[in-house]
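Dumped start_30.cif below, it's mmCIF, C-alpha atoms:
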```cif
data_entry
#
loop_
_atom_site.group_PDB
_atom_site.id
_atom_site.type_symbol
_atom_site.label_atom_id
_atom_site.label_comp_id
_atom_site.auth_asym_id
_atom_site.auth_seq_id
_atom_site.Cartn_x
_atom_site.Cartn_y
_atom_site.Cartn_z
ATOM 1 C CA MET F 106 19.696 -12.858 3.835
ATOM 2 C CA SER F 107 22.309 -15.563 3.695
ATOM 3 C CA ALA F 108 22.563 -17.169 0.288
ATOM 4 C CA PRO F 109 21.511 -20.833 0.096
ATOM 5 C CA PRO F 110 23.915 -23.384 -1.333
ATOM 6 C CA GLN F 111 24.198 -23.288 -5.091
ATOM 7 C CA GLN F 112 23.922 -27.031 -5.650
ATOM 8 C CA MET F 113 21.925 -29.509 -3.648
ATOM 9 C CA GLN F 114 20.963 -33.070 -4.436
ATOM 10 C CA VAL F 115 17.255 -33.404 -3.664
ATOM 11 C CA PRO F 116 15.197 -36.422 -4.733
ATOM 12 C CA LYS F 117 12.703 -35.608 -7.446
ATOM 13 C CA ILE F 118 9.815 -36.981 -5.413
ATOM 14 C CA VAL F 119 10.596 -34.502 -2.611
ATOM 15 C CA VAL F 120 10.344 -31.595 -5.030
ATOM 16 C CA GLU F 121 7.098 -32.921 -6.480
ATOM 17 C CA LYS F 122 5.520 -33.374 -3.057
ATOM 18 C CA LEU F 123 6.566 -29.906 -1.924
ATOM 19 C CA VAL F 124 5.130 -28.320 -5.058
ATOM 20 C CA THR F 125 1.850 -30.239 -5.124
ATOM 21 C CA THR F 126 1.235 -29.655 -1.413
ATOM 22 C CA LEU F 127 2.245 -26.015 -1.044
ATOM 23 C CA ARG F 128 1.586 -24.465 -4.453
ATOM 24 C CA ASP F 129 -1.858 -22.802 -4.355
ATOM 25 C CA HIS F 130 -2.307 -23.744 -0.686
ATOM 26 C CA PRO F 131 -5.250 -21.728 0.720
ATOM 27 C CA ASP F 132 -3.274 -20.667 3.795
ATOM 28 C CA LEU F 133 -0.864 -18.749 1.558
ATOM 29 C CA LYS F 134 -3.581 -16.290 0.532
ATOM 30 C CA GLU F 135 -1.716 -15.660 -2.688
ATOM 31 C CA ARG F 136 -2.123 -12.406 -4.560
ATOM 32 C CA GLU F 137 -1.412 -11.679 -8.187
ATOM 33 C CA GLY F 138 1.379 -9.273 -9.034
ATOM 34 C CA LEU F 139 3.698 -8.208 -11.834
ATOM 35 C CA LEU F 140 7.349 -9.138 -11.416
ATOM 36 C CA LYS F 141 9.788 -6.799 -13.134
ATOM 37 C CA LEU F 142 12.189 -8.906 -15.168
ATOM 38 C CA PRO F 143 15.910 -8.058 -15.271
ATOM 39 C CA ARG F 144 15.762 -8.145 -19.072
ATOM 40 C CA PRO F 145 12.937 -8.332 -21.650
ATOM 41 C CA GLU F 146 11.683 -11.809 -22.474
ATOM 42 C CA GLN F 147 12.884 -13.218 -25.753
ATOM 43 C CA GLY F 148 10.232 -13.225 -28.425
ATOM 44 C CA THR F 149 7.616 -11.193 -26.569
ATOM 45 C CA GLY F 150 9.827 -8.383 -25.282
ATOM 46 C CA GLU F 151 7.766 -8.220 -22.088
ATOM 47 C CA THR F 152 9.445 -6.652 -19.045
ATOM 48 C CA LEU F 153 6.768 -7.681 -16.528
ATOM 49 C CA LYS F 154 5.605 -11.188 -15.681
ATOM 50 C CA LYS F 155 2.309 -11.961 -13.979
ATOM 51 C CA LEU F 156 2.600 -14.344 -11.028
ATOM 52 C CA GLU F 157 1.406 -15.036 -7.479
ATOM 53 C CA PHE F 158 3.174 -13.860 -4.341
ATOM 54 C CA PHE F 159 2.728 -14.338 -0.597
ATOM 55 C CA ARG F 160 4.189 -13.446 2.792
ATOM 56 C CA LEU F 161 6.584 -15.780 4.589
ATOM 57 C CA LYS F 162 4.293 -16.036 7.623
ATOM 58 C CA ARG F 163 1.610 -17.451 5.349
ATOM 59 C CA MET F 164 4.024 -20.061 4.036
ATOM 60 C CA ILE F 165 4.867 -21.071 7.610
ATOM 61 C CA ARG F 166 1.156 -21.607 8.266
ATOM 62 C CA ALA F 167 0.875 -23.685 5.103
ATOM 63 C CA ILE F 168 3.852 -25.828 6.174
ATOM 64 C CA GLN F 169 2.219 -26.350 9.573
ATOM 65 C CA SER F 170 -1.134 -27.208 8.003
ATOM 66 C CA LYS F 171 -2.855 -30.589 8.197
ATOM 67 C CA GLU F 172 -2.274 -31.212 4.497
ATOM 68 C CA PHE F 173 1.478 -30.776 4.767
ATOM 69 C CA THR F 174 1.661 -32.823 7.981
ATOM 70 C CA GLN F 175 -0.264 -35.620 6.304
ATOM 71 C CA MET F 176 2.066 -35.485 3.313
ATOM 72 C CA LEU F 177 5.082 -35.860 5.612
ATOM 73 C CA GLN F 178 3.514 -38.850 7.328
ATOM 74 C CA GLU F 179 2.593 -40.565 4.062
ATOM 75 C CA ASN F 180 6.102 -40.067 2.662
ATOM 76 C CA GLU F 181 8.078 -40.567 5.838
ATOM 77 C CA GLU F 182 10.969 -42.367 4.155
ATOM 78 C CA VAL F 183 11.839 -39.589 1.716
ATOM 79 C CA MET F 184 10.711 -36.757 3.991
ATOM 80 C CA LYS F 185 12.378 -37.994 7.166
ATOM 81 C CA GLN F 186 14.641 -34.931 7.371
ATOM 82 C CA LEU F 187 11.737 -32.483 7.119
ATOM 83 C CA LYS F 188 9.715 -31.470 10.163
ATOM 84 C CA ASN F 189 7.031 -28.838 10.677
ATOM 85 C CA THR F 190 6.486 -28.655 14.420
ATOM 86 C CA THR F 191 8.439 -25.502 15.274
ATOM 87 C CA ARG F 192 9.079 -22.289 13.377
ATOM 88 C CA ASP F 193 12.743 -23.178 12.880
ATOM 89 C CA GLU F 194 11.764 -26.486 11.297
ATOM 90 C CA CYS F 195 9.332 -24.689 8.995
ATOM 91 C CA ILE F 196 12.047 -22.211 8.047
ATOM 92 C CA ARG F 197 14.346 -25.110 7.119
ATOM 93 C CA VAL F 198 11.628 -26.441 4.825
ATOM 94 C CA PHE F 199 11.221 -23.023 3.262
ATOM 95 C CA VAL F 200 14.976 -22.581 2.820
ATOM 96 C CA LEU F 201 14.911 -25.864 0.925
ATOM 97 C CA ILE F 202 12.157 -24.465 -1.304
ATOM 98 C CA LEU F 203 14.223 -21.317 -1.776
ATOM 99 C CA THR F 204 17.315 -23.377 -2.575
ATOM 100 C CA LEU F 205 15.386 -25.267 -5.235
ATOM 101 C CA LYS F 206 14.557 -21.864 -6.763
ATOM 102 C CA LEU F 207 10.847 -22.503 -6.553
ATOM 103 C CA VAL F 208 10.346 -19.034 -5.067
ATOM 104 C CA THR F 209 12.043 -15.647 -5.296
ATOM 105 C CA PRO F 210 12.310 -13.013 -2.554
ATOM 106 C CA VAL F 211 10.699 -9.788 -3.748
ATOM 107 C CA ILE F 212 9.734 -6.341 -2.507
ATOM 108 C CA LYS F 213 6.532 -4.427 -3.219
ATOM 109 C CA PRO F 214 7.487 -0.740 -3.417
ATOM 110 C CA SER F 215 4.952 2.054 -3.365
ATOM 111 C CA HIS F 216 3.966 3.780 -6.599
ATOM 112 C CA GLN F 217 6.040 6.818 -5.675
ATOM 113 C CA VAL F 218 9.184 4.750 -5.070
ATOM 114 C CA LEU F 219 8.657 2.794 -8.290
ATOM 115 C CA LYS F 220 8.560 6.000 -10.314
ATOM 116 C CA LYS F 221 11.335 7.826 -8.500
ATOM 117 C CA GLU F 222 13.899 5.130 -7.733
ATOM 118 C CA PHE F 223 13.243 2.400 -10.293
ATOM 119 C CA ASN F 224 11.880 4.422 -13.217
ATOM 120 C CA THR F 225 8.963 2.010 -13.476
ATOM 121 C CA LYS F 226 5.380 2.934 -14.257
ATOM 122 C CA PRO F 227 3.032 1.432 -11.629
ATOM 123 C CA ASN F 228 0.156 -0.772 -12.670
ATOM 124 C CA LYS F 229 -3.267 0.235 -11.363
ATOM 125 C CA GLU F 230 -4.653 -3.296 -11.302
ATOM 126 C CA PHE F 231 -1.738 -5.346 -9.946
ATOM 127 C CA PRO F 232 1.156 -4.428 -7.624
ATOM 128 C CA THR F 233 4.605 -4.305 -9.206
ATOM 129 C CA LEU F 234 7.205 -6.559 -7.572
ATOM 130 C CA LEU F 235 10.985 -6.299 -7.716
ATOM 131 C CA PRO F 236 13.308 -9.242 -7.056
ATOM 132 C CA ILE F 237 15.711 -8.598 -4.183
ATOM 133 C CA THR F 238 19.115 -8.297 -5.791
ATOM 134 C CA GLN F 239 22.392 -6.748 -4.693
ATOM 135 C CA GLU F 240 21.579 -3.780 -6.897
ATOM 136 C CA VAL F 241 18.277 -3.207 -5.076
ATOM 137 C CA VAL F 242 19.999 -3.478 -1.685
ATOM 138 C CA GLU F 243 22.679 -0.957 -2.687
ATOM 139 C CA LEU F 244 20.008 1.413 -3.981
ATOM 140 C CA ALA F 245 18.087 1.088 -0.714
ATOM 141 C CA LYS F 246 21.194 2.119 1.231
ATOM 142 C CA LYS F 247 21.440 5.358 -0.748
ATOM 143 C CA SER F 248 17.757 6.190 -1.149
ATOM 144 C CA PRO F 249 15.877 8.191 1.511
ATOM 145 C CA ASP F 250 12.625 6.555 0.372
ATOM 146 C CA LEU F 251 13.813 2.990 0.967
ATOM 147 C CA ASN F 252 14.909 1.295 4.163
ATOM 148 C CA VAL F 253 17.450 -1.464 3.739
ATOM 149 C CA GLU F 254 16.158 -3.049 6.959
ATOM 150 C CA ASP F 255 12.864 -3.686 5.144
ATOM 151 C CA ILE F 256 14.643 -5.513 2.332
ATOM 152 C CA VAL F 257 17.312 -7.682 3.936
ATOM 153 C CA ILE F 258 15.811 -10.940 5.223
ATOM 154 C CA ASP F 259 16.951 -12.582 8.441
ATOM 155 C CA PHE F 260 15.138 -15.889 8.925
ATOM 156 C CA GLY F 261 16.329 -16.046 12.528
ATOM 157 C CA LYS F 262 14.286 -12.975 13.425
ATOM 158 C CA PRO F 263 10.526 -13.136 12.783
ATOM 159 C CA GLU F 264 10.231 -9.341 12.729
ATOM 160 C CA ARG F 265 12.703 -9.219 9.833
ATOM 161 C CA SER F 266 11.356 -12.109 7.815
ATOM 162 C CA ASP F 267 7.731 -13.062 8.481
ATOM 163 C CA ASP F 268 6.239 -10.093 6.607
ATOM 164 C CA ARG F 269 8.625 -10.345 3.653
ATOM 165 C CA TYR F 270 7.219 -11.185 0.236
ATOM 166 C CA PHE F 271 8.111 -14.129 -1.990
ATOM 167 C CA SER F 272 6.858 -14.952 -5.468
ATOM 168 C CA TRP F 273 6.432 -18.336 -7.098
ATOM 169 C CA ASN F 274 8.715 -19.233 -9.993
ATOM 170 C CA ILE F 275 6.437 -22.045 -11.119
ATOM 171 C CA GLU F 276 3.026 -21.839 -12.735
ATOM 172 C CA THR F 277 -0.113 -22.436 -10.730
ATOM 173 C CA LEU F 278 -1.416 -25.999 -10.535
ATOM 174 C CA ASP F 279 -4.990 -24.801 -10.096
ATOM 175 C CA LYS F 280 -6.785 -25.427 -13.391
ATOM 176 C CA ASN F 281 -9.476 -22.903 -12.499
ATOM 177 C CA LYS F 282 -6.846 -20.179 -12.138
ATOM 178 C CA GLN F 283 -5.250 -21.180 -15.418
ATOM 179 C CA ALA F 284 -8.608 -21.090 -17.181
ATOM 180 C CA SER F 285 -9.372 -17.717 -15.617
ATOM 181 C CA ARG F 286 -6.079 -16.293 -16.855
ATOM 182 C CA GLU F 287 -6.631 -17.623 -20.351
ATOM 183 C CA THR F 288 -10.165 -16.227 -20.378
ATOM 184 C CA LYS F 289 -8.958 -12.829 -19.224
ATOM 185 C CA GLY F 290 -6.187 -12.875 -21.776
ATOM 186 C CA GLY F 291 -8.559 -13.853 -24.572
ATOM 187 C CA ALA F 292 -11.129 -11.292 -23.559
ATOM 188 C CA GLY F 293 -8.446 -8.640 -23.324
ATOM 189 C CA SER F 294 -7.068 -9.331 -26.778
ATOM 190 C CA SER F 295 -10.583 -9.515 -28.216
ATOM 191 C CA SER F 296 -11.595 -6.190 -26.692
ATOM 192 C CA THR F 297 -8.340 -4.634 -27.871
ATOM 193 C CA THR F 298 -8.990 -5.814 -31.413
ATOM 194 C CA THR F 299 -12.562 -4.521 -31.306
ATOM 195 C CA ALA F 300 -11.477 -1.157 -29.936
ATOM 196 C CA SER F 301 -8.735 -0.909 -32.543
ATOM 197 C CA SER F 302 -11.113 -1.602 -35.427
ATOM 198 C CA SER F 303 -13.657 0.825 -33.974
ATOM 199 C CA ASN F 304 -11.039 3.568 -33.704
ATOM 200 C CA SER F 305 -9.881 2.897 -37.247
ATOM 201 C CA LEU F 306 -13.437 3.243 -38.597
ATOM 202 C CA TRP F 307 -14.001 6.445 -36.636
ATOM 203 C CA ASP F 308 -10.739 7.915 -37.962
ATOM 204 C CA LYS F 309 -11.855 7.212 -41.523
ATOM 205 C CA LEU F 310 -15.224 8.857 -40.886
ATOM 206 C CA LYS F 311 -13.508 11.942 -39.475
ATOM 207 C CA ILE F 312 -11.292 12.215 -42.550
ATOM 208 C CA VAL F 313 -14.318 11.941 -44.851
ATOM 209 C CA LEU F 314 -16.167 14.571 -42.803
ATOM 210 C CA ILE F 315 -13.236 17.015 -42.887
ATOM 211 C CA LEU F 316 -12.821 16.584 -46.641
ATOM 212 C CA SER F 317 -16.556 17.066 -47.186
ATOM 213 C CA VAL F 318 -16.593 20.307 -45.188
ATOM 214 C CA GLY F 319 -13.509 21.567 -47.022
ATOM 215 C CA ILE F 320 -14.968 20.850 -50.458
ATOM 216 C CA THR F 321 -18.282 22.446 -49.443
ATOM 217 C CA LEU F 322 -16.533 25.661 -48.368
ATOM 218 C CA VAL F 323 -14.476 25.781 -51.552
ATOM 219 C CA LEU F 324 -17.700 25.574 -53.580
ATOM 220 C CA TYR F 325 -19.197 28.578 -51.737
ATOM 221 C CA PRO F 326 -19.413 30.728 -54.938
ATOM 222 C CA VAL F 327 -21.754 28.204 -56.568
ATOM 223 C CA TRP F 328 -24.055 27.895 -53.571
ATOM 224 C CA PRO F 329 -27.685 28.973 -54.068
ATOM 225 C CA TYR F 330 -28.209 32.697 -53.457
ATOM 226 C CA LYS F 331 -30.544 32.251 -50.466
ATOM 227 C CA LEU F 332 -28.122 29.839 -48.806
ATOM 228 C CA ARG F 333 -25.239 32.283 -49.204
ATOM 229 C CA VAL F 334 -27.315 35.099 -47.711
ATOM 230 C CA SER F 335 -28.288 32.881 -44.770
ATOM 231 C CA VAL F 336 -24.667 31.981 -44.100
ATOM 232 C CA TYR F 337 -23.729 35.665 -44.371
ATOM 233 C CA TYR F 338 -26.159 36.690 -41.624
ATOM 234 C CA LEU F 339 -25.294 33.624 -39.572
ATOM 235 C CA SER F 340 -21.649 34.687 -39.567
ATOM 236 C CA TYR F 341 -22.674 38.005 -38.004
ATOM 237 C CA VAL F 342 -24.577 36.142 -35.305
ATOM 238 C CA VAL F 343 -21.508 34.039 -34.522
ATOM 239 C CA LEU F 344 -19.280 37.112 -34.418
ATOM 240 C CA GLY F 345 -21.793 38.787 -32.107
ATOM 241 C CA LEU F 346 -21.747 35.829 -29.733
ATOM 242 C CA LEU F 347 -17.951 35.867 -29.692
ATOM 243 C CA ALA F 348 -17.978 39.584 -28.938
ATOM 244 C CA VAL F 349 -20.409 39.021 -26.061
ATOM 245 C CA PHE F 350 -18.219 36.211 -24.732
ATOM 246 C CA PHE F 351 -15.038 38.295 -24.722
ATOM 247 C CA ALA F 352 -16.869 41.298 -23.262
ATOM 248 C CA MET F 353 -18.208 39.084 -20.480
ATOM 249 C CA ALA F 354 -14.705 37.730 -19.828
ATOM 250 C CA VAL F 355 -13.305 41.257 -19.495
ATOM 251 C CA LEU F 356 -16.170 42.437 -17.285
ATOM 252 C CA ARG F 357 -15.892 39.445 -14.934
ATOM 253 C CA TYR F 358 -12.191 40.114 -14.487
ATOM 254 C CA ILE F 359 -12.803 43.815 -13.793
ATOM 255 C CA LEU F 360 -15.490 42.866 -11.277
ATOM 256 C CA TYR F 361 -13.050 40.425 -9.674
ATOM 257 C CA LEU F 362 -10.433 43.166 -9.244
ATOM 258 C CA ILE F 363 -13.001 45.581 -7.798
ATOM 259 C CA THR F 364 -14.367 43.070 -5.273
ATOM 260 C CA LEU F 365 -10.995 41.523 -4.379
ATOM 261 C CA PRO F 366 -10.325 43.836 -1.390
ATOM 262 C CA VAL F 367 -13.723 42.901 0.057
ATOM 263 C CA PHE F 368 -13.629 39.143 -0.620
ATOM 264 C CA LYS F 369 -9.864 38.620 -0.427
ATOM 265 C CA ALA F 370 -10.213 36.063 2.374
ATOM 266 C CA LYS F 371 -12.511 33.982 0.173
ATOM 267 C CA GLY F 372 -10.243 34.215 -2.867
ATOM 268 C CA GLY F 373 -12.186 36.916 -4.693
ATOM 269 C CA PHE F 374 -15.612 37.058 -6.324
ATOM 270 C CA TRP F 375 -16.107 35.533 -9.767
ATOM 271 C CA ILE F 376 -19.017 35.535 -12.201
ATOM 272 C CA PHE F 377 -19.161 32.180 -13.987
ATOM 273 C CA PRO F 378 -16.101 30.732 -12.184
ATOM 274 C CA ASN F 379 -16.023 27.805 -14.637
ATOM 275 C CA LEU F 380 -16.030 29.953 -17.765
ATOM 276 C CA PHE F 381 -12.493 28.991 -18.783
ATOM 277 C CA GLU F 382 -12.393 25.596 -17.092
ATOM 278 C CA ASP F 383 -11.848 22.369 -19.006
ATOM 279 C CA CYS F 384 -15.447 21.173 -18.784
ATOM 280 C CA GLY F 385 -18.608 20.929 -20.869
ATOM 281 C CA PHE F 386 -20.288 23.926 -22.518
ATOM 282 C CA PHE F 387 -23.223 24.105 -20.116
ATOM 283 C CA ASP F 388 -20.985 23.382 -17.108
ATOM 284 C CA SER F 389 -18.989 26.505 -17.998
ATOM 285 C CA PHE F 390 -21.952 28.637 -16.941
ATOM 286 C CA LYS F 391 -22.641 26.785 -13.672
ATOM 287 C CA PRO F 392 -22.663 28.126 -11.011
ATOM 288 C CA ILE F 393 -23.475 31.716 -11.904
ATOM 289 C CA TYR F 394 -21.068 33.060 -9.294
ATOM 290 C CA GLY F 395 -18.526 31.767 -6.806
ATOM 291 C CA PHE F 396 -15.648 32.670 -4.505
ATOM 292 C CA GLY F 397 -12.025 31.725 -5.134
ATOM 293 C CA GLU F 398 -11.355 28.338 -6.679
ATOM 294 C CA GLU F 399 -13.647 26.313 -4.429
ATOM 295 C CA ASN F 400 -16.467 26.416 -6.980
ATOM 296 C CA THR F 401 -14.314 25.743 -10.021
ATOM 297 C CA TYR F 402 -14.637 22.493 -11.927
ATOM 298 C CA SER F 403 -10.925 21.647 -11.741
ATOM 299 C CA TYR F 404 -10.823 22.162 -7.969
ATOM 300 C CA LEU F 405 -13.888 19.992 -7.382
ATOM 301 C CA GLN F 406 -12.440 17.275 -9.624
ATOM 302 C CA LYS F 407 -9.140 17.499 -7.756
ATOM 303 C CA VAL F 408 -10.889 17.094 -4.398
ATOM 304 C CA LYS F 409 -12.932 14.178 -5.722
ATOM 305 C CA LYS F 410 -9.823 12.490 -7.113
ATOM 306 C CA GLN F 411 -7.981 12.954 -3.818
ATOM 307 C CA LYS F 412 -10.867 11.419 -1.861
ATOM 308 C CA ASN F 413 -10.977 8.415 -4.193
ATOM 309 C CA LYS F 414 -7.213 8.016 -3.848
ATOM 310 C CA GLU F 415 -7.433 8.091 -0.050
ATOM 311 C CA LYS F 416 -10.258 5.535 -0.072
ATOM 312 C CA LYS F 417 -8.277 3.218 -2.345
ATOM 313 C CA GLN F 418 -5.147 3.594 -0.224
ATOM 314 C CA LEU F 419 -7.107 2.849 2.951
ATOM 315 C CA LYS F 420 -8.647 -0.196 1.285
ATOM 316 C CA ASN F 421 -5.218 -1.505 0.231
ATOM 317 C CA GLU F 422 -3.781 -0.948 3.711
ATOM 318 C CA THR F 423 -6.717 -2.796 5.275
ATOM 319 C CA LYS F 424 -6.250 -5.661 2.827
ATOM 320 C CA GLU F 425 -2.526 -5.895 3.585
ATOM 321 C CA LYS F 426 -3.186 -5.943 7.332
ATOM 322 C CA LYS F 427 -5.632 -8.813 6.869
ATOM 323 C CA ASP F 428 -3.014 -10.692 4.859
#
```

Representation of the structure as structure tokens:
Amino acid sequence: MSAPPQQMQVPKIVVEKLVTTLRDHPDLKEREGLLKLPRPEQGTGETLKKLEFFRLKRMIRAIQSKEFTQMLQENEEVMKQLKNTTRDECIRVFVLILTLKLVTPVIKPSHQVLKKEFNTKPNKEFPTLLPITQEVVELAKKSPDLNVEDIVIDFGKPERSDDRYFSWNIETLDKNKQASRETKGGAGSSSTTTASSSNSLWDKLKIVLILSVGITLVLYPVWPYKLRVSVYYLSYVVLGLLAVFFAMAVLRYILYLITLPVFKAKGGFWIFPNLFEDCGFFDSFKPIYGFGEENTYSYLQKVKKQKNKEKKQLKNETKEKKD
């Protein structure tokens, strides 16, 4: 992408008309994303900034829209050098917008690339964007997961520019969007405060409970006689249950080894395949038997998670194609 001129004298009214006409234009189909900042913001220390981004082909449609054409006609004297009939004329308008630093060229890497190449944790709700810098281009040349052809922008070739992403450097002019952001921000901080206070109260209750149990055990010698006898017999019951549990664990493993030659293709035969799985107490004893890991809780959760991931990925791909 050839760099635009550093300084350019543009009348203020031209900038205002470009911003008011194109910012939040419906043809842009803007999406919200998180732009990774080159350095943390002063005061807040934030490294990500929430903003809207769009594809270049959407901007071309917005420049060719009736609203923009009408704006050019109404301000013919100051906009006489701007046209929107052909793609090249629209690109010249966009280069002007780029020169005025109203937008920034960005890339939208996959979650895997973000983690591996940029050491950035992906956000589940919003895509993470990276400004196209010389550093990013150099990294793309060396990385097997990035293609420099997908980063460098050539406005003369639609196939190397129309699907490229750009983010706005100016705040939205849509008051509804602003109100929505403020509402979300307020609700988020409120819920965070509520959750924090709730956790704090629960932590205090746990401390009180632990201390109460400890003091009660220390005072065992002064317990009533009948209560001590009851606890004595109860301890034997607990020990018996533990013995049964360990005996069952040993027997199920022995049975697995015995039946392995017969059911090797199925992964072996297990009694209570979820016995040592990270699941609930009752789920540990369901099903009663199974083969291999196909009936285990962790395997079923893994399959379920993979299916959800594939559905989400397919949904995102469909959404991007529509954009």

Quick one: apply the PyMOL selection byres ((chain F and resi 138) around 9) to the file and drop the selected residues here as number ranges by chain. F: 136-137, 139-140, 154-158, 230-234, 272

Take the residues from that selection and put them in a file with C-alpha atoms, as a PDB file, in the coordinates of the input.
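For reference, again_7.pdb as written:
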```pdb
ATOM      1  CA  ARG F 136      -2.123 -12.406  -4.560  1.00  0.00           C
ATOM      2  CA  GLU F 137      -1.412 -11.679  -8.187  1.00  0.00           C
ATOM      3  CA  LEU F 139       3.698  -8.208 -11.834  1.00  0.00           C
ATOM      4  CA  LEU F 140       7.349  -9.138 -11.416  1.00  0.00           C
ATOM      5  CA  LYS F 154       5.605 -11.188 -15.681  1.00  0.00           C
ATOM      6  CA  LYS F 155       2.309 -11.961 -13.979  1.00  0.00           C
ATOM      7  CA  LEU F 156       2.600 -14.344 -11.028  1.00  0.00           C
ATOM      8  CA  GLU F 157       1.406 -15.036  -7.479  1.00  0.00           C
ATOM      9  CA  PHE F 158       3.174 -13.860  -4.341  1.00  0.00           C
ATOM     10  CA  GLU F 230      -4.653  -3.296 -11.302  1.00  0.00           C
ATOM     11  CA  PHE F 231      -1.738  -5.346  -9.946  1.00  0.00           C
ATOM     12  CA  PRO F 232       1.156  -4.428  -7.624  1.00  0.00           C
ATOM     13  CA  THR F 233       4.605  -4.305  -9.206  1.00  0.00           C
ATOM     14  CA  LEU F 234       7.205  -6.559  -7.572  1.00  0.00           C
ATOM     15  CA  SER F 272       6.858 -14.952  -5.468  1.00  0.00           C
TER      16      SER F 272
END
```

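Nearest to Leu201 of chain F of all the residues F:Val119, F:Glu179, F:Phe271, F:Asn252 is F:Val119, based on all atoms listed in the file.
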
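Pairwise distance (atom CA of Leu339 of chain F, atom CA of Ser317 of chain F) equals 20.2 Å.
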
Step by step, work through what the PyMOL selection byres ((chain F and resi 397) around 10) selects in the shown file, and finish by giving those residues as a ChimeraX atom specification. /F:361,365,368-375,378,395-396,398-401

Residues matched by the PyMOL selection byres ((chain F and resi 243) around 12), written as a PyMOL selection string: chain F and resi 222+237-242+244-248+251-254+256-257

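Closest approach to Lys262 of chain F among F:Lys162, F:Leu306, F:Phe223, F:Arg357 is made by F:Lys162 (distances from only C-alpha atoms).
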
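Of the residues listed (F:Lys185, F:Lys134, F:Lys141, F:Lys391), F:Lys141 shows the shortest atom-to-atom separation from Asn228 of chain F; distances use only C-alpha atoms.
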
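What separates atom CA of Asp268 of chain F from atom CA of Arg160 of chain F is a distance of 5.5 Å.
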
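Among the candidates F:Asp259, F:Leu380, F:Lys416, F:Ile168, the residue lying nearest to Leu123 of chain F is F:Ile168 (atoms considered: only C-alpha atoms).
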
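Nearest residue to Ser170 of chain F among F:Leu314, F:Leu133, F:Ile275, F:Ile393 is F:Leu133, counting all atoms listed in the file.
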
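Note that atom CA of Leu203 of chain F and atom CA of Leu278 of chain F are 18.5 Å apart.
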
Show me, as number ranges by chain, the residues that have an atom within 6 Å of Asn189 of chain F when counting only C-alpha atoms, minus same-chain residues fewer than 4 positions from it. F: 169, 194-195

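Residues lying within 12 Å of Ser266 of chain F, counting all atoms listed in the file and ignoring same-chain neighbours fewer than 6 positions away, are Met106, Arg160, Leu161, Lys162, Arg163, Met164, Ile165, Arg192, Ile196, Phe199, Pro210, Val211, Ile212, Glu254, Asp255, Ile256, Val257, Ile258, Asp259 and Phe260 of chain F.
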
Which of F:Met184, F:Val115, F:Leu219, F:Leu324 sits closest to Leu205 of chain F [using only C-alpha atoms]: F:Val115
